[in-house]
file run_25.txt (compact mmCIF, N, CA, C and O atoms)
# COMPACT_ATOMS: atom_id res chain seq x y z
N MET P 1 22.67 10.04 10.40
CA MET P 1 23.07 9.08 11.41
C MET P 1 24.56 9.26 11.68
O MET P 1 25.31 9.65 10.80
N GLU P 2 24.93 8.91 12.84
CA GLU P 2 26.32 9.06 13.24
C GLU P 2 27.08 7.75 13.04
O GLU P 2 27.74 7.25 13.94
N VAL P 3 26.97 7.17 11.83
CA VAL P 3 27.69 5.93 11.51
C VAL P 3 28.40 6.12 10.18
O VAL P 3 28.06 7.00 9.40
N ASP P 4 29.39 5.29 9.96
CA ASP P 4 30.12 5.39 8.70
C ASP P 4 29.29 4.76 7.57
O ASP P 4 28.28 4.12 7.78
N GLU P 5 29.78 4.96 6.36
CA GLU P 5 29.04 4.54 5.17
C GLU P 5 28.80 3.04 5.11
O GLU P 5 27.69 2.58 4.83
N SER P 6 29.79 2.25 5.41
CA SER P 6 29.64 0.80 5.32
C SER P 6 28.65 0.27 6.38
O SER P 6 27.87 -0.64 6.09
N THR P 7 28.65 0.88 7.57
CA THR P 7 27.70 0.47 8.61
C THR P 7 26.28 0.83 8.21
O THR P 7 25.35 0.03 8.36
N LEU P 8 26.09 2.02 7.64
CA LEU P 8 24.77 2.44 7.18
C LEU P 8 24.27 1.53 6.06
O LEU P 8 23.12 1.11 6.05
N ARG P 9 25.14 1.19 5.15
CA ARG P 9 24.77 0.29 4.05
C ARG P 9 24.34 -1.07 4.62
O ARG P 9 23.33 -1.63 4.20
N THR P 10 25.05 -1.57 5.60
CA THR P 10 24.70 -2.85 6.24
C THR P 10 23.35 -2.75 6.94
O THR P 10 22.52 -3.65 6.83
N ILE P 11 23.11 -1.66 7.66
CA ILE P 11 21.84 -1.47 8.36
C ILE P 11 20.69 -1.44 7.36
O ILE P 11 19.65 -2.09 7.56
N LEU P 12 20.85 -0.69 6.28
CA LEU P 12 19.77 -0.58 5.28
C LEU P 12 19.50 -1.91 4.58
O LEU P 12 18.35 -2.28 4.36
N LEU P 13 20.54 -2.62 4.23
CA LEU P 13 20.35 -3.91 3.57
C LEU P 13 19.72 -4.93 4.52
O LEU P 13 18.88 -5.74 4.11
N THR P 14 20.07 -4.87 5.80
CA THR P 14 19.44 -5.74 6.79
C THR P 14 17.96 -5.41 6.92
O THR P 14 17.12 -6.30 6.95
N TYR P 15 17.64 -4.12 6.97
CA TYR P 15 16.23 -3.69 7.04
C TYR P 15 15.47 -4.20 5.83
O TYR P 15 14.37 -4.74 5.95
N LYS P 16 16.05 -4.04 4.65
CA LYS P 16 15.38 -4.48 3.42
C LYS P 16 15.16 -5.99 3.44
O LYS P 16 14.10 -6.48 3.06
N HIS P 17 16.14 -6.72 3.90
CA HIS P 17 16.04 -8.18 3.96
C HIS P 17 14.95 -8.61 4.95
O HIS P 17 14.16 -9.51 4.68
N LYS P 18 14.89 -7.95 6.10
CA LYS P 18 13.94 -8.32 7.15
C LYS P 18 12.49 -7.95 6.81
O LYS P 18 11.57 -8.50 7.38
N THR P 19 12.29 -7.00 5.90
CA THR P 19 10.93 -6.57 5.57
C THR P 19 10.39 -7.23 4.30
O THR P 19 9.36 -6.82 3.79
N HIS P 20 11.05 -8.25 3.81
CA HIS P 20 10.57 -8.99 2.65
C HIS P 20 10.19 -10.40 3.08
O HIS P 20 10.75 -10.95 4.01
N SER P 21 9.21 -10.96 2.39
CA SER P 21 8.80 -12.33 2.66
C SER P 21 8.51 -13.03 1.34
O SER P 21 8.49 -12.41 0.28
N VAL P 22 8.27 -14.32 1.42
CA VAL P 22 8.00 -15.12 0.23
C VAL P 22 6.52 -15.49 0.24
O VAL P 22 5.99 -15.97 1.24
N ASP P 23 5.84 -15.25 -0.90
CA ASP P 23 4.42 -15.59 -0.98
C ASP P 23 4.24 -17.06 -1.35
O ASP P 23 5.21 -17.81 -1.49
N SER P 24 2.99 -17.49 -1.50
CA SER P 24 2.70 -18.91 -1.75
C SER P 24 3.20 -19.39 -3.10
O SER P 24 3.39 -20.59 -3.29
N ASN P 25 3.44 -18.47 -4.03
CA ASN P 25 3.96 -18.85 -5.35
C ASN P 25 5.48 -18.79 -5.43
O ASN P 25 6.05 -19.01 -6.48
N GLY P 26 6.11 -18.46 -4.32
CA GLY P 26 7.57 -18.39 -4.31
C GLY P 26 8.12 -17.02 -4.66
O GLY P 26 9.32 -16.83 -4.73
N GLY P 27 7.24 -16.05 -4.90
CA GLY P 27 7.67 -14.69 -5.22
C GLY P 27 8.02 -13.92 -3.97
O GLY P 27 7.49 -14.18 -2.89
N ILE P 28 8.89 -12.95 -4.11
CA ILE P 28 9.30 -12.13 -2.97
C ILE P 28 8.43 -10.88 -2.95
O ILE P 28 8.30 -10.19 -3.95
N ILE P 29 7.84 -10.60 -1.78
CA ILE P 29 7.00 -9.42 -1.62
C ILE P 29 7.53 -8.59 -0.46
O ILE P 29 8.13 -9.11 0.47
N SER P 30 7.30 -7.28 -0.54
CA SER P 30 7.77 -6.37 0.50
C SER P 30 6.67 -6.09 1.49
O SER P 30 5.52 -5.89 1.13
N ASN P 31 7.02 -6.04 2.77
CA ASN P 31 6.09 -5.68 3.84
C ASN P 31 6.40 -4.29 4.39
O ASN P 31 5.79 -3.88 5.37
N ALA P 32 7.32 -3.59 3.78
CA ALA P 32 7.76 -2.30 4.29
C ALA P 32 6.82 -1.18 3.85
O ALA P 32 6.13 -1.28 2.84
N ASP P 33 6.80 -0.11 4.63
CA ASP P 33 6.01 1.07 4.28
C ASP P 33 6.64 1.85 3.14
O ASP P 33 5.95 2.51 2.39
N ILE P 34 7.95 1.80 3.07
CA ILE P 34 8.67 2.47 1.98
C ILE P 34 9.63 1.48 1.35
O ILE P 34 9.95 0.45 1.92
N ASP P 35 10.08 1.82 0.17
CA ASP P 35 11.07 1.00 -0.50
C ASP P 35 12.24 1.90 -0.88
O ASP P 35 12.07 3.11 -1.04
N PHE P 36 13.40 1.34 -0.99
CA PHE P 36 14.56 2.12 -1.38
C PHE P 36 15.53 1.24 -2.13
O PHE P 36 15.44 0.01 -2.09
N TYR P 37 16.40 1.89 -2.86
CA TYR P 37 17.48 1.16 -3.51
C TYR P 37 18.72 2.04 -3.49
O TYR P 37 18.63 3.25 -3.33
N MET P 38 19.86 1.40 -3.59
CA MET P 38 21.12 2.11 -3.54
C MET P 38 21.81 1.99 -4.89
O MET P 38 21.85 0.92 -5.49
N ASN P 39 22.31 3.11 -5.37
CA ASN P 39 23.06 3.14 -6.62
C ASN P 39 24.34 3.91 -6.34
O ASN P 39 24.30 5.11 -6.10
N ASN P 40 25.45 3.19 -6.33
CA ASN P 40 26.75 3.75 -5.95
C ASN P 40 26.65 4.31 -4.53
O ASN P 40 26.38 3.60 -3.60
N ASP P 41 26.82 5.62 -4.36
CA ASP P 41 26.80 6.22 -3.03
C ASP P 41 25.48 6.92 -2.72
O ASP P 41 25.36 7.59 -1.71
N MET P 42 24.49 6.77 -3.58
CA MET P 42 23.21 7.47 -3.40
C MET P 42 22.11 6.49 -2.99
O MET P 42 22.05 5.38 -3.50
N ILE P 43 21.28 6.92 -2.05
CA ILE P 43 20.13 6.12 -1.60
C ILE P 43 18.88 6.79 -2.15
O ILE P 43 18.65 7.98 -1.93
N TYR P 44 18.07 6.03 -2.87
CA TYR P 44 16.83 6.53 -3.45
C TYR P 44 15.66 5.91 -2.68
O TYR P 44 15.56 4.70 -2.58
N VAL P 45 14.79 6.76 -2.14
CA VAL P 45 13.64 6.30 -1.38
C VAL P 45 12.41 6.43 -2.27
O VAL P 45 12.17 7.47 -2.87
N VAL P 46 11.63 5.34 -2.34
CA VAL P 46 10.44 5.31 -3.17
C VAL P 46 9.25 4.97 -2.29
O VAL P 46 9.26 3.97 -1.58
N GLU P 47 8.24 5.84 -2.31
CA GLU P 47 7.02 5.54 -1.57
C GLU P 47 6.10 4.74 -2.47
O GLU P 47 5.85 5.13 -3.61
N PRO P 48 5.60 3.62 -1.97
CA PRO P 48 4.69 2.83 -2.80
C PRO P 48 3.37 3.55 -2.99
O PRO P 48 2.96 4.34 -2.14
N LYS P 49 2.73 3.29 -4.11
CA LYS P 49 1.42 3.88 -4.36
C LYS P 49 0.42 3.25 -3.40
O LYS P 49 0.47 2.05 -3.14
N PRO P 50 -0.48 4.05 -2.86
CA PRO P 50 -1.47 3.46 -1.96
C PRO P 50 -2.36 2.47 -2.70
O PRO P 50 -2.74 2.70 -3.84
N ALA P 51 -2.66 1.39 -2.02
CA ALA P 51 -3.51 0.37 -2.63
C ALA P 51 -4.93 0.92 -2.77
O ALA P 51 -5.44 1.58 -1.88
N LYS P 52 -5.50 0.66 -3.92
CA LYS P 52 -6.87 1.12 -4.13
C LYS P 52 -7.81 0.26 -3.30
O LYS P 52 -7.63 -0.94 -3.19
N ARG P 53 -8.78 0.91 -2.75
CA ARG P 53 -9.69 0.23 -1.84
C ARG P 53 -11.02 -0.01 -2.54
O ARG P 53 -11.99 0.71 -2.34
N TYR P 54 -11.03 -1.02 -3.39
CA TYR P 54 -12.23 -1.34 -4.16
C TYR P 54 -13.37 -1.81 -3.25
O TYR P 54 -14.52 -1.50 -3.50
N GLY P 55 -13.05 -2.55 -2.23
CA GLY P 55 -14.07 -3.08 -1.33
C GLY P 55 -14.89 -1.97 -0.69
O GLY P 55 -16.12 -2.04 -0.65
N ASP P 56 -14.21 -0.93 -0.20
CA ASP P 56 -14.91 0.20 0.42
C ASP P 56 -15.81 0.90 -0.58
O ASP P 56 -16.93 1.30 -0.27
N PHE P 57 -15.32 1.06 -1.81
CA PHE P 57 -16.11 1.71 -2.85
C PHE P 57 -17.40 0.94 -3.11
O PHE P 57 -18.50 1.51 -3.15
N PHE P 58 -17.29 -0.37 -3.29
CA PHE P 58 -18.47 -1.18 -3.57
C PHE P 58 -19.44 -1.20 -2.39
O PHE P 58 -20.66 -1.15 -2.58
N LEU P 59 -18.93 -1.23 -1.16
CA LEU P 59 -19.82 -1.19 0.00
C LEU P 59 -20.59 0.13 0.08
O LEU P 59 -21.78 0.15 0.40
N ARG P 60 -19.91 1.25 -0.24
CA ARG P 60 -20.60 2.54 -0.25
C ARG P 60 -21.67 2.57 -1.33
O ARG P 60 -22.78 3.09 -1.12
N GLN P 61 -21.36 2.02 -2.50
CA GLN P 61 -22.34 2.00 -3.59
C GLN P 61 -23.55 1.13 -3.23
O GLN P 61 -24.69 1.47 -3.56
N ILE P 62 -23.31 0.01 -2.58
CA ILE P 62 -24.41 -0.86 -2.15
C ILE P 62 -25.30 -0.13 -1.15
O ILE P 62 -26.53 -0.18 -1.23
N ALA P 63 -24.67 0.58 -0.20
CA ALA P 63 -25.45 1.33 0.79
C ALA P 63 -26.29 2.41 0.11
O ALA P 63 -27.46 2.61 0.47
N LYS P 64 -25.72 3.10 -0.88
CA LYS P 64 -26.48 4.12 -1.62
C LYS P 64 -27.65 3.49 -2.36
O LYS P 64 -28.76 4.02 -2.37
N LEU P 65 -27.41 2.36 -3.00
CA LEU P 65 -28.46 1.67 -3.74
C LEU P 65 -29.59 1.23 -2.81
O LEU P 65 -30.77 1.37 -3.14
N GLU P 66 -29.23 0.72 -1.65
CA GLU P 66 -30.26 0.33 -0.68
C GLU P 66 -31.08 1.53 -0.25
O GLU P 66 -32.30 1.44 -0.08
N GLY P 67 -30.44 2.68 -0.09
CA GLY P 67 -31.16 3.90 0.26
C GLY P 67 -32.13 4.31 -0.85
O GLY P 67 -33.27 4.70 -0.58
N VAL P 68 -31.69 4.21 -2.09
CA VAL P 68 -32.56 4.54 -3.22
C VAL P 68 -33.74 3.58 -3.28
O VAL P 68 -34.89 3.99 -3.49
N ILE P 69 -33.49 2.30 -3.08
CA ILE P 69 -34.57 1.31 -3.11
C ILE P 69 -35.57 1.58 -1.99
O ILE P 69 -36.79 1.52 -2.20
N ASN P 70 -35.10 1.91 -0.80
CA ASN P 70 -35.99 2.24 0.32
C ASN P 70 -36.82 3.48 0.01
O ASN P 70 -38.02 3.54 0.32
N ASP P 71 -36.19 4.49 -0.60
CA ASP P 71 -36.93 5.70 -0.98
C ASP P 71 -38.01 5.38 -2.01
O ASP P 71 -39.12 5.90 -1.95
N MET P 72 -37.69 4.52 -2.96
CA MET P 72 -38.66 4.14 -3.99
C MET P 72 -39.81 3.34 -3.38
O MET P 72 -40.96 3.47 -3.82
N ASP P 73 -39.53 2.52 -2.39
CA ASP P 73 -40.59 1.75 -1.74
C ASP P 73 -41.57 2.66 -0.99
O ASP P 73 -42.75 2.32 -0.86
N ARG P 74 -41.08 3.80 -0.50
CA ARG P 74 -41.94 4.73 0.24
C ARG P 74 -42.87 5.54 -0.67
O ARG P 74 -43.86 6.06 -0.22
N VAL P 75 -42.49 5.67 -1.93
CA VAL P 75 -43.30 6.45 -2.87
C VAL P 75 -44.52 5.63 -3.28
O VAL P 75 -44.39 4.47 -3.69
N LYS P 76 -45.70 6.23 -3.16
CA LYS P 76 -46.92 5.53 -3.54
C LYS P 76 -47.31 5.97 -4.94
O LYS P 76 -47.39 7.14 -5.24
N LEU P 77 -47.53 4.98 -5.77
CA LEU P 77 -47.97 5.27 -7.13
C LEU P 77 -49.48 5.27 -7.19
O LEU P 77 -50.15 4.46 -6.56
N ASP P 78 -50.07 6.17 -7.96
CA ASP P 78 -51.53 6.22 -8.09
C ASP P 78 -52.00 5.34 -9.21
O ASP P 78 -51.52 5.08 -10.21
call {"tool": "encode", "arguments": {"input": "run_25.txt", "output": "structure tokens"}}
result
Amino acid sequence: MEVDESTLRTILLTYKHKTHSVDSNGGIISNADIDFYMNNDMIYVVEPKPAKRYGDFFLRQIAKLEGVINDMDRVKLD
């Protein structure tokens, strides 16, 4: 960026402040896609781990189970 160090620091801190909110328990949570912190003159960027999608996994397993049950219903036992 074509700005001096203090202006960049102000822009980054403003971004960090604007992308945080307070949850129902009073805790601070981030709404940003990335997180960063500054240590002296260095900026460290941290990518958050992707959230595990348990709901999708269980829905796929339910669909598979329903398919197995349908297949079993079609089989005629002697």
call {"tool": "atom_distance", "arguments": {"input": "run_25.txt", "atom1": "atom N of Asn31 of chain P", "atom2": "atom CA of His17 of chain P"}}
result
9.3 Å
call {"tool": "atom_distance", "arguments": {"input": "run_25.txt", "atom1": "atom O of Thr19 of chain P", "atom2": "atom O of Ile34 of chain P"}}
result
7.5 Å
call {"tool": "select_by_dssp", "arguments": {"input": "run_25.txt", "residues": "chain P", "states": "strand (DSSP E)", "output": "short mmCIF file (atom, residue, chain, number, x, y, z; two decimals) with N, CA, C and O atoms, in the frame of the given file"}}
result
data_model
loop_
_atom_site.label_atom_id
_atom_site.label_comp_id
_atom_site.auth_asym_id
_atom_site.auth_seq_id
_atom_site.Cartn_x
_atom_site.Cartn_y
_atom_site.Cartn_z
N HIS P 20 11.05 -8.25 3.81
CA HIS P 20 10.57 -8.99 2.65
C HIS P 20 10.19 -10.40 3.08
O HIS P 20 10.75 -10.95 4.01
N SER P 21 9.21 -10.96 2.39
CA SER P 21 8.80 -12.33 2.66
C SER P 21 8.51 -13.03 1.34
O SER P 21 8.49 -12.41 0.28
N VAL P 22 8.27 -14.32 1.42
CA VAL P 22 8.00 -15.12 0.23
C VAL P 22 6.52 -15.49 0.24
O VAL P 22 5.99 -15.97 1.24
N ILE P 28 8.89 -12.95 -4.11
CA ILE P 28 9.30 -12.13 -2.97
C ILE P 28 8.43 -10.88 -2.95
O ILE P 28 8.30 -10.19 -3.95
N ILE P 29 7.84 -10.60 -1.78
CA ILE P 29 7.00 -9.42 -1.62
C ILE P 29 7.53 -8.59 -0.46
O ILE P 29 8.13 -9.11 0.47
N SER P 30 7.30 -7.28 -0.54
CA SER P 30 7.77 -6.37 0.50
C SER P 30 6.67 -6.09 1.49
O SER P 30 5.52 -5.89 1.13
N ASP P 35 10.08 1.82 0.17
CA ASP P 35 11.07 1.00 -0.50
C ASP P 35 12.24 1.90 -0.88
O ASP P 35 12.07 3.11 -1.04
N PHE P 36 13.40 1.34 -0.99
CA PHE P 36 14.56 2.12 -1.38
C PHE P 36 15.53 1.24 -2.13
O PHE P 36 15.44 0.01 -2.09
N TYR P 37 16.40 1.89 -2.86
CA TYR P 37 17.48 1.16 -3.51
C TYR P 37 18.72 2.04 -3.49
O TYR P 37 18.63 3.25 -3.33
N MET P 38 19.86 1.40 -3.59
CA MET P 38 21.12 2.11 -3.54
C MET P 38 21.81 1.99 -4.89
O MET P 38 21.85 0.92 -5.49
N ASN P 39 22.31 3.11 -5.37
CA ASN P 39 23.06 3.14 -6.62
C ASN P 39 24.34 3.91 -6.34
O ASN P 39 24.30 5.11 -6.10
N MET P 42 24.49 6.77 -3.58
CA MET P 42 23.21 7.47 -3.40
C MET P 42 22.11 6.49 -2.99
O MET P 42 22.05 5.38 -3.50
N ILE P 43 21.28 6.92 -2.05
CA ILE P 43 20.13 6.12 -1.60
C ILE P 43 18.88 6.79 -2.15
O ILE P 43 18.65 7.98 -1.93
N TYR P 44 18.07 6.03 -2.87
CA TYR P 44 16.83 6.53 -3.45
C TYR P 44 15.66 5.91 -2.68
O TYR P 44 15.56 4.70 -2.58
N VAL P 45 14.79 6.76 -2.14
CA VAL P 45 13.64 6.30 -1.38
C VAL P 45 12.41 6.43 -2.27
O VAL P 45 12.17 7.47 -2.87
N VAL P 46 11.63 5.34 -2.34
CA VAL P 46 10.44 5.31 -3.17
C VAL P 46 9.25 4.97 -2.29
O VAL P 46 9.26 3.97 -1.58
#
call {"tool": "atom_distance", "arguments": {"input": "run_25.txt", "atom1": "atom O of Ile11 of chain P", "atom2": "atom C of Tyr37 of chain P"}}
result
11.8 Å
call {"tool": "build_atoms", "arguments": {"input": "run_25.txt", "residues": "segment 64-75 of chain P", "atoms": "all heavy atoms", "output": "tab-separated table (two decimals), keeping the file's coordinate frame"}}
result
chain	number	residue	atom	x	y	z
P	64	LYS	N	-25.72	3.10	-0.88
P	64	LYS	CA	-26.48	4.12	-1.62
P	64	LYS	C	-27.65	3.49	-2.36
P	64	LYS	O	-28.76	4.02	-2.37
P	64	LYS	CB	-25.58	4.85	-2.62
P	64	LYS	CG	-24.63	5.82	-1.99
P	64	LYS	CD	-23.80	6.50	-3.06
P	64	LYS	CE	-22.75	7.40	-2.49
P	64	LYS	NZ	-21.93	8.03	-3.54
P	65	LEU	N	-27.41	2.36	-3.00
P	65	LEU	CA	-28.46	1.67	-3.74
P	65	LEU	C	-29.59	1.23	-2.81
P	65	LEU	O	-30.77	1.37	-3.14
P	65	LEU	CB	-27.90	0.47	-4.50
P	65	LEU	CG	-28.90	-0.34	-5.31
P	65	LEU	CD1	-29.56	0.51	-6.38
P	65	LEU	CD2	-28.23	-1.55	-5.93
P	66	GLU	N	-29.23	0.72	-1.65
P	66	GLU	CA	-30.26	0.33	-0.68
P	66	GLU	C	-31.08	1.53	-0.25
P	66	GLU	O	-32.30	1.44	-0.08
P	66	GLU	CB	-29.61	-0.35	0.53
P	66	GLU	CG	-29.11	-1.74	0.25
P	66	GLU	CD	-28.36	-2.34	1.42
P	66	GLU	OE1	-27.93	-1.60	2.33
P	66	GLU	OE2	-28.20	-3.58	1.41
P	67	GLY	N	-30.44	2.68	-0.09
P	67	GLY	CA	-31.16	3.90	0.26
P	67	GLY	C	-32.13	4.31	-0.85
P	67	GLY	O	-33.27	4.70	-0.58
P	68	VAL	N	-31.69	4.21	-2.09
P	68	VAL	CA	-32.56	4.54	-3.22
P	68	VAL	C	-33.74	3.58	-3.28
P	68	VAL	O	-34.89	3.99	-3.49
P	68	VAL	CB	-31.76	4.52	-4.55
P	68	VAL	CG1	-32.69	4.60	-5.74
P	68	VAL	CG2	-30.75	5.65	-4.57
P	69	ILE	N	-33.49	2.30	-3.08
P	69	ILE	CA	-34.57	1.31	-3.11
P	69	ILE	C	-35.57	1.58	-1.99
P	69	ILE	O	-36.79	1.52	-2.20
P	69	ILE	CB	-34.00	-0.12	-3.00
P	69	ILE	CG1	-33.25	-0.47	-4.28
P	69	ILE	CG2	-35.09	-1.14	-2.72
P	69	ILE	CD1	-32.47	-1.77	-4.22
P	70	ASN	N	-35.10	1.91	-0.80
P	70	ASN	CA	-35.99	2.24	0.32
P	70	ASN	C	-36.82	3.48	0.01
P	70	ASN	O	-38.02	3.54	0.32
P	70	ASN	CB	-35.20	2.44	1.62
P	70	ASN	CG	-34.65	1.13	2.15
P	70	ASN	OD1	-35.16	0.06	1.85
P	70	ASN	ND2	-33.59	1.24	2.94
P	71	ASP	N	-36.19	4.49	-0.60
P	71	ASP	CA	-36.93	5.70	-0.98
P	71	ASP	C	-38.01	5.38	-2.01
P	71	ASP	O	-39.12	5.90	-1.95
P	71	ASP	CB	-35.98	6.77	-1.53
P	71	ASP	CG	-35.07	7.37	-0.46
P	71	ASP	OD1	-35.37	7.19	0.74
P	71	ASP	OD2	-34.05	7.98	-0.84
P	72	MET	N	-37.69	4.52	-2.96
P	72	MET	CA	-38.66	4.14	-3.99
P	72	MET	C	-39.81	3.34	-3.38
P	72	MET	O	-40.96	3.47	-3.82
P	72	MET	CB	-37.97	3.34	-5.10
P	72	MET	CG	-37.05	4.17	-5.95
P	72	MET	SD	-36.10	3.22	-7.15
P	72	MET	CE	-37.39	2.51	-8.13
P	73	ASP	N	-39.53	2.52	-2.39
P	73	ASP	CA	-40.59	1.75	-1.74
P	73	ASP	C	-41.57	2.66	-0.99
P	73	ASP	O	-42.75	2.32	-0.86
P	73	ASP	CB	-40.00	0.73	-0.76
P	73	ASP	CG	-39.36	-0.45	-1.47
P	73	ASP	OD1	-39.67	-0.67	-2.66
P	73	ASP	OD2	-38.54	-1.14	-0.82
P	74	ARG	N	-41.08	3.80	-0.50
P	74	ARG	CA	-41.94	4.73	0.24
P	74	ARG	C	-42.87	5.54	-0.67
P	74	ARG	O	-43.86	6.06	-0.22
P	74	ARG	CB	-41.08	5.67	1.07
P	74	ARG	CG	-40.55	5.02	2.32
P	74	ARG	CD	-39.90	6.05	3.22
P	74	ARG	NE	-38.62	5.46	3.63
P	74	ARG	CZ	-37.45	6.03	3.52
P	74	ARG	NH1	-37.34	7.23	3.05
P	74	ARG	NH2	-36.36	5.40	3.91
P	75	VAL	N	-42.49	5.67	-1.93
P	75	VAL	CA	-43.30	6.45	-2.87
P	75	VAL	C	-44.52	5.63	-3.28
P	75	VAL	O	-44.39	4.47	-3.69
P	75	VAL	CB	-42.48	6.83	-4.12
P	75	VAL	CG1	-43.36	7.51	-5.15
P	75	VAL	CG2	-41.30	7.72	-3.74
